[in-house]
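One structure is given here, and the rest of the page talks about it.
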Amino acid sequence: MRALASRLLQFVLTVWAATVAVFALMQILPGNAAQVAAGMSATAEDVARIEQEFGLDRPLVVQYGEWLMGMLRGDLGVSYVTGAPITPLVVDSIQVTLILVVSAMVLALVIAVPLGTVAALLRGRRLGALLSGLSQVGVAVPNFLAGILLVMVFSLGLGWFPSSGWQAPVFGLGGFLSHLVLPVCALALVQGAILTRYVRSAVLEVMREDYLRTARAKGRTSGSALAVHGLRNAAIPVVTVAGVQLATLLIGAVVIEQVFVLPGMGSELVRAVANRDLLTVQAIVMVLVFLVLLLNLVIDLLYTLLDPRVRNAA
Amino acid sequence: MSAPLLSVRDLTISTGSREIVHPLAFEIAPGERLGLIGESGSGKSLTSSAVMGLLPSEMSARGTVALSGEGANLLERSESSLARLRGNRMSMVFQEPMSALNPLMRVGAQVAEVMRLHRTATRDQAMTRAIDLLDQVHLPDPAAAARAYPHQLSGGQRQRIMLAIALANSPDLLICDEPTTALDVTVQSAVLDLIDEQVAARGTGLLFITHDLAVVARVCERVMVMNRGRVVETGTVDQIFTAPQHEYTRGLLAASDLTATDDRGRLFTIATAAAYPGAGAPADAPAARVTGETQPAGASVAEQTPAAEAGEQSQPAGTSAVGRAEDREAGGAWDASGKTGRDEPSDTAHLIEMSGVVKTFTRRAGLFRSDRVEALKGIDLNVRAGGRMGIVGESGSGKSTLLSILSGLETPTAGRIRVGDVVVDPEDYSGLTAMRRDLQIVFQDPYASLDPRMSVAEIIGEPLRSMGLDGAERKDRAEEMIEAVGLDHDSLTRFPHQFSGGQRQRISIARALVTRPRILVADEPVSALDVSVRAQVLNLLADLVDEYSLTLVFVSHDLGVVRHLCSDVAVMRSGEIVEQGPTDQVYDDPAHDYTRALVAATPTIHAALNV
Amino acid sequence: MNPLDPHGPATGSPAAHPSVPPGSAAQTPAADAATRSAATADTPVGRSRRTAELTFVVGLVLVGIVVVLALVSFVWTPHPPTRPDAAARLEGMSVTHLFGTDRFGRDTLTWIMLGARVTLLVGVVAVGIAMLIGVPLGVLAGMTRARWLSGLIMRGNDLLLAFPALLLAIVFSAVFGPGTGPAMVAIGIAAIPAFARVARSGTLQIMGREYIAAARTANRTPLQIAIQHVVPNIAGLVIVQASVTFALSVLAEAGLSFLGLGTQPPTPSWGRMLQESQQFLGSRPELALWPGLFIAIAVLGFNLLGDGLRDRLDPTLRGRS
């Protein structure tokens, strides 16, 4: 319990440090945000008006404090550029991104666990080498390239799925799914290749363990020893990696959303950057960083749950 | 004679085209206990794995392995039909108890598994039986132990659990592969007693693999000696230990016997084993040597024996040319236990003084909490100039921490250490510089104590760099030292991975002595070495200590080694010195219960044969 | 003490895949396990010595292709890069235009060759930044006896890990404006934790060796020990990490340019070529295939090189004489 409390405290401190880092990063720019928002042709009066309107003329500490307090209330502020509140935008787009990322991870695991295990078992045989080589190549393909290739084949070529766009589930499940298939596959294929390699190495590692030999000495065949004693042990590093990869996927989705023109966080982020809408960038980056940190926390807790050695040490 | 329980014929084990174990044959009768002895690389563990069908996948076995009542050759059986025998009719205990149990599974479930697997018990029965078995292997509070995870238990406890698993289905054959090598002596003794007891109670046949002759003498009736993939000799324990026929067996026996010395007071090596009188020689002789009262009888000159095939062949045994020459001059003025009477300094001033040394480690356990571990609880220890102080203790006794503090690598929490004129203080760099001219260390692990990226010349010369010697001088001194430890000049340009364990320890010794220190501190310098190499390195140490008139501080878990080498001994347990005094006195007439237990638990060939 | 490993510290090799920041959850046992498991991907357990050698050679060849393309582009390109052939727009593969042309009539092979320059430049600068900052920090964290110092370094690492390369690069492009410069600095900064972690875990492992104790009893100063014992012995791990990070940089830069936030026109970059090809997917798919192929070649090459180096540098694979 104490360890849990200390881990939670560490999480809160890291998140706080991240807010400082994100805020500070946005202030590095020479000149100021109002100048940027007002545009190249703005007069000094325009800039001053924007500064006053959004409180940018106040000390940085005050601005930071207000931003932080706002976030604690769930208010990410108002865009200097569009004048619209940022929170609803994030709430809408985060759903798209999360649906994309979570389904991609599930699919990736469905691909990787059996393939990685087989690749480990068949190490040194032709099929094992093939799987291993394929995963190595898969790892080298950027997900946006995978997306483009999928569009070429299944959308432009075969015409099975739409090449871009998004349809919310409320407007029909069929449309929702058919728009989801290609982007999810683009993320999941690459992710599956990465995870296959981790699963393979985790299984290989476990196959070397003394307790697997013990299990065989007890009267298990090598297959049943691996199934009963090995896979659960191999699951620990794989779960950890899958968690870490979920964070990577979250960022990878930024690009995939561009390929398929999906209204997710990534698209909003890229649009905000293009519009030089710094407060929106700041808000979305903070939300993404928070999600990454939250994922790390969840992995740690999950890990403690899975492994009695850590549980008891804690 | 009844049909053998296990019969092995023409067994060869190879990896790819390379044969590692050459055709060998042996039999075990029902209830018989066969010991399999050999040094590292002899193929003894592979042989036992082959019997169980547990060879690593890159190895293959040919020949015949037959278990009574099972008809066909086990080597030709499928994995699944072999699996039905394993854990049921034959079972195995492995060397490394720390990793042999599934870390994610409660211990009771792991014991119960072997019964459920062979359907010798139902689910509920199996759990009850498991607790019962844990009781039989003498685990305190077996019900609680059954609920524990492996990491919550000590090595000895885990080995007991392995034994409970192995014995659960009352197998006909139990194979133990170095089951006590990773354990402390007192724990080893208890585990050996347990194996003894359980095997006897069940009438189980035993194949016991070990490198330790004393252990095999204690547990087994018959012994098989393996060297480089061949069985060189088989016989009863008495035959092998009293009248070994093969040169290698004799060498191994001679090198293992830390109470027997040649006419120079040095241990026998494989090369000098011809002069070894034998462990079972005249009944009074071993006892006499043990008490260190008589000269070893009729030992001939070692060098006459042709080098045996084992050990480090590039090394003439007995080694240090310099040391040897000096010994001859000294006219063999040695007493039997290898302690010299000369070089005794007239003043008995203490060269090393430690008083009230306390070391407390704090380990962080979370953000706000830390655990305190008392590694040393007030150590007082003095070593006089020219003395040979042995420090013995089991793991966790604090002996290594004490050495680190003595050599200024760790800061004591409290207490005072004086070496020569220097009060050791890790904060005081100039003091340490002066002290380190006088005090150098030989470390335990020959594979970790030499920087793999440095040449031997650089390694040996390193201590001289801080003393400001230039390259040429360092080279001269390194050449001198490499010769003193009995290695070729060529060695200087080579890298550590090109040397064997024993050779690396020689390099380590050369590095320690290159600064011409007055004090040599040795931290378990032979515990990682094979028996035959151990004797050579110990002899070298003894030679050099004499030659350079060194004061020796020798830390070891092995009482026999300390007795051979040291004049005084301090016995440590849980951060305290429970007893200290002259070696013979402490060993022969221990004042403290723990010392007594330690001495009793240490297996010796003589004790095992005399029982 | 690491509760996971009864055999001692991890080998400390970095993750096998570039998009996995090795141990993103730094400092936590979970991350340790992840890195450890990644470390063994295709180490001795995974492959034989011969496949290790093959991996290395194939990696070297693929990386070599990219390097040669970039170098040759300085002295020769099939067509002048600055003067597009307006008469030959969106052409397929031909003898004059080996890889075809784009919508402005620019020769694709020429642009691939020029793109290789940017790819390598970003990799070299990013890896250089990450290595020069990360390794000293990691060695310091591993060697210092002051807990607060190593704690501070590693907490800082944790914080930085929350900013994946692509995200940090996007932020930089928002703050400093898009371009190759901010991109490579951002990618480099984001990779610092990976090097710091590898260097620290390697250092911790080395510091536990007895030859360090021997060096200390030989009265060597901490700086001398760091330079003579620690750095040479962790160099292998660092080199492997550099190779893997290089692959990561290639991916990140391509992604960023694909978003239009990386290398800006008129400087050619593979990611941007891929993005521009999107509107011609139906008619001229090879416009996407060529840059895609070369991105994959570069990433695969550096990944394989890293794997191969790891195996080569692993002493357990080298025969002991």
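All residue names refer to the structure tokens as shown: chains lettered A, B, ... in order, residues numbered from 1 in each chain, ligands numbered from 1 in order.
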
Show me, as a PyMOL selection string, the residues that have an atom within 9 Å of stretch 68-70 of chain B when counting only C-alpha atoms, minus same-chain residues fewer than 2 positions from it.
chain B and resi 3-7+66+72-74

Would you give me, as a short mmCIF file (atom, residue, chain, number, x, y, z; two decimals) with N, CA and C atoms, in the first residue's frame, the residues of chain A that come within 12 Å of chain B, using only C-alpha atoms?
data_model
loop_
_atom_site.label_atom_id
_atom_site.label_comp_id
_atom_site.auth_asym_id
_atom_site.auth_seq_id
_atom_site.Cartn_x
_atom_site.Cartn_y
_atom_site.Cartn_z
N MET A 1 0.83 -1.20 0.00
CA MET A 1 0.00 0.00 0.00
C MET A 1 0.86 1.25 0.00
N ARG A 2 1.90 1.19 0.81
CA ARG A 2 2.82 2.33 0.88
C ARG A 2 3.48 2.55 -0.46
N ALA A 3 3.86 1.42 -1.09
CA ALA A 3 4.52 1.53 -2.39
C ALA A 3 3.55 2.12 -3.40
N LEU A 4 2.29 1.72 -3.29
CA LEU A 4 1.27 2.23 -4.19
C LEU A 4 1.15 3.74 -4.02
N ALA A 5 1.06 4.15 -2.76
CA ALA A 5 0.93 5.59 -2.48
C ALA A 5 2.13 6.34 -3.03
N SER A 6 3.31 5.75 -2.86
CA SER A 6 4.50 6.47 -3.31
C SER A 6 4.57 6.51 -4.83
N ARG A 7 4.07 5.45 -5.47
CA ARG A 7 4.03 5.46 -6.94
C ARG A 7 3.03 6.51 -7.44
N LEU A 8 1.89 6.61 -6.75
CA LEU A 8 0.89 7.60 -7.15
C LEU A 8 1.42 9.01 -6.98
N LEU A 9 2.13 9.21 -5.88
CA LEU A 9 2.70 10.54 -5.62
C LEU A 9 3.71 10.87 -6.72
N GLN A 10 4.51 9.87 -7.07
CA GLN A 10 5.49 10.07 -8.14
C GLN A 10 4.80 10.45 -9.44
N LEU A 121 9.14 -21.15 -31.02
CA LEU A 121 9.17 -22.61 -30.99
C LEU A 121 9.89 -23.18 -32.20
N ARG A 123 12.27 -21.83 -33.85
CA ARG A 123 13.57 -21.21 -34.06
C ARG A 123 14.54 -22.22 -34.69
N GLY A 124 15.24 -21.76 -35.68
CA GLY A 124 16.19 -22.67 -36.33
C GLY A 124 15.55 -23.45 -37.47
N VAL A 206 12.10 -17.44 -21.73
CA VAL A 206 11.47 -18.33 -20.77
C VAL A 206 11.87 -19.79 -21.04
N MET A 207 12.02 -20.13 -22.32
CA MET A 207 12.38 -21.51 -22.65
C MET A 207 13.73 -21.90 -22.07
N ARG A 208 14.54 -20.91 -21.78
CA ARG A 208 15.87 -21.16 -21.23
C ARG A 208 15.85 -21.33 -19.72
N GLU A 209 14.73 -20.97 -19.11
CA GLU A 209 14.69 -20.91 -17.65
C GLU A 209 14.79 -22.30 -17.02
N ASP A 210 15.44 -22.32 -15.86
CA ASP A 210 15.60 -23.58 -15.15
C ASP A 210 14.26 -24.20 -14.75
N TYR A 211 13.27 -23.34 -14.43
CA TYR A 211 12.02 -23.93 -13.95
C TYR A 211 11.28 -24.67 -15.03
N LEU A 212 11.60 -24.38 -16.28
CA LEU A 212 10.99 -25.13 -17.36
C LEU A 212 11.58 -26.55 -17.41
N ARG A 213 12.87 -26.62 -17.14
CA ARG A 213 13.51 -27.93 -17.05
C ARG A 213 12.94 -28.70 -15.86
N THR A 214 12.73 -27.98 -14.75
CA THR A 214 12.12 -28.62 -13.59
C THR A 214 10.76 -29.20 -13.97
N ALA A 215 9.98 -28.41 -14.70
CA ALA A 215 8.64 -28.88 -15.08
C ALA A 215 8.74 -30.14 -15.92
N ARG A 216 9.74 -30.18 -16.78
CA ARG A 216 9.92 -31.40 -17.59
C ARG A 216 10.38 -32.55 -16.72
N ALA A 217 11.23 -32.25 -15.75
CA ALA A 217 11.69 -33.31 -14.85
C ALA A 217 10.54 -33.85 -14.01
N LYS A 218 9.52 -33.02 -13.84
CA LYS A 218 8.34 -33.47 -13.10
C LYS A 218 7.49 -34.41 -13.93
N GLY A 219 7.68 -34.39 -15.23
CA GLY A 219 6.89 -35.27 -16.08
C GLY A 219 6.06 -34.52 -17.10
N ARG A 220 6.38 -33.27 -17.35
CA ARG A 220 5.68 -32.59 -18.43
C ARG A 220 6.49 -32.72 -19.71
N THR A 221 5.80 -32.77 -20.82
CA THR A 221 6.52 -32.70 -22.09
C THR A 221 6.96 -31.26 -22.27
N SER A 222 7.89 -31.04 -23.19
CA SER A 222 8.40 -29.67 -23.34
C SER A 222 7.27 -28.72 -23.72
N GLY A 223 6.32 -29.22 -24.53
CA GLY A 223 5.20 -28.37 -24.93
C GLY A 223 4.32 -27.98 -23.76
N SER A 224 3.97 -28.95 -22.94
CA SER A 224 3.06 -28.64 -21.84
C SER A 224 3.78 -27.84 -20.77
N ALA A 225 5.10 -28.06 -20.62
CA ALA A 225 5.87 -27.25 -19.67
C ALA A 225 5.80 -25.79 -20.07
N LEU A 226 5.96 -25.55 -21.36
CA LEU A 226 5.93 -24.16 -21.84
C LEU A 226 4.54 -23.57 -21.67
N VAL A 228 2.12 -24.41 -19.55
CA VAL A 228 1.65 -24.25 -18.18
C VAL A 228 2.55 -23.31 -17.38
N HIS A 229 3.87 -23.48 -17.52
CA HIS A 229 4.76 -22.68 -16.69
C HIS A 229 5.39 -21.52 -17.44
N GLY A 230 5.55 -21.69 -18.75
CA GLY A 230 6.32 -20.69 -19.48
C GLY A 230 5.53 -19.46 -19.87
N LEU A 231 4.34 -19.68 -20.45
CA LEU A 231 3.66 -18.55 -21.07
C LEU A 231 3.28 -17.48 -20.07
N ARG A 232 2.90 -17.90 -18.86
CA ARG A 232 2.52 -16.87 -17.88
C ARG A 232 3.72 -16.01 -17.51
N ASN A 233 4.86 -16.66 -17.42
CA ASN A 233 6.07 -15.88 -17.13
C ASN A 233 6.44 -14.98 -18.31
N ALA A 234 6.22 -15.52 -19.51
CA ALA A 234 6.56 -14.71 -20.69
C ALA A 234 5.60 -13.53 -20.83
N ALA A 235 4.40 -13.69 -20.28
CA ALA A 235 3.39 -12.64 -20.42
C ALA A 235 3.83 -11.35 -19.72
N ILE A 236 4.62 -11.47 -18.68
CA ILE A 236 4.97 -10.28 -17.90
C ILE A 236 5.71 -9.24 -18.75
N THR A 304 2.80 -5.05 -11.03
CA THR A 304 2.81 -5.43 -9.63
C THR A 304 1.80 -6.53 -9.37
N LEU A 305 0.67 -6.43 -10.08
CA LEU A 305 -0.38 -7.42 -9.89
C LEU A 305 0.05 -8.78 -10.42
N LEU A 306 0.79 -8.76 -11.53
CA LEU A 306 1.15 -10.01 -12.21
C LEU A 306 2.28 -10.75 -11.51
N ASP A 307 3.19 -10.01 -10.93
CA ASP A 307 4.41 -10.65 -10.45
C ASP A 307 4.49 -10.62 -8.92
N PRO A 308 4.40 -11.78 -8.30
CA PRO A 308 4.42 -11.80 -6.83
C PRO A 308 5.73 -11.27 -6.25
N ARG A 309 6.82 -11.37 -7.04
CA ARG A 309 8.10 -10.90 -6.51
C ARG A 309 8.06 -9.41 -6.27
N VAL A 310 7.49 -8.68 -7.22
CA VAL A 310 7.39 -7.24 -7.08
C VAL A 310 6.35 -6.90 -6.02
N ARG A 311 5.25 -7.66 -6.04
CA ARG A 311 4.18 -7.41 -5.09
C ARG A 311 4.70 -7.48 -3.67
N ASN A 312 5.48 -8.52 -3.39
CA ASN A 312 5.94 -8.69 -2.02
C ASN A 312 7.07 -7.74 -1.66
N ALA A 313 7.86 -7.39 -2.67
CA ALA A 313 8.94 -6.45 -2.40
C ALA A 313 8.35 -5.10 -2.06
N ALA A 314 7.19 -4.81 -2.63
CA ALA A 314 6.58 -3.49 -2.44
C ALA A 314 6.01 -3.33 -1.03
#

How far is it from atom CA of B:Thr602 to atom CA of B:Gly581, in Å with one decimal?
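These two atoms are separated by 18.9 Å.
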
Taking only C-alpha atoms into account, which of A:Val259, A:Arg126, A:Trp67, A:Ala193 comes nearest A:Met105?
A:Ala193

What's around C:Leu160 at 9 Å? Count only C-alpha atoms, leave out sequence neighbours fewer than 2 positions away in its own chain, and write the answer as a list in words.
Ala18 of chain A; Arg155, Gly156, Asn157, Asp158, Ala162, Phe163, Pro164, Ile189, Ala190, Ala191, Ile192 and Pro193 of chain C

Selected residue, from A:Thr280, A:Thr196, A:Gln167, A:Thr87, that lies nearest to A:Leu109 when counting only C-alpha atoms
A:Thr196

Mind giving me the straight-line distance from atom CA of B:Leu381 to atom CA of B:Ala570 in Å, one decimal?
8.2 Å

Could you give me, as a ChimeraX atom specification, the residues within 10 Å of A:Ser178, counting only C-alpha atoms and dropping anything in the same chain fewer than 2 positions from it?
/A:160-163,166-167,173-176,180-183

DSSP-assigned alpha helix (DSSP H) among stretch 151-264 of chain A, expressed as a ChimeraX atom specification
/A:173-207,210-218,222-225,231-259

How many Å lie between atom CA of B:Pro463 and atom CA of B:Val442, rounded to one decimal?
12.8 Å

What residues in chain C have any atom no more than 8 Å from chain B when counting only C-alpha atoms, and can you write them as a list in words?
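Contact residues on the first chain: Pro6, Arg209, Glu210, Tyr211, Ile212, Ala213, Ala214, Ala215, Arg216, Thr217, Ala218, Asn219, Arg220, His229, Pro232, Asn233, Arg320 and Ser321 of chain C.
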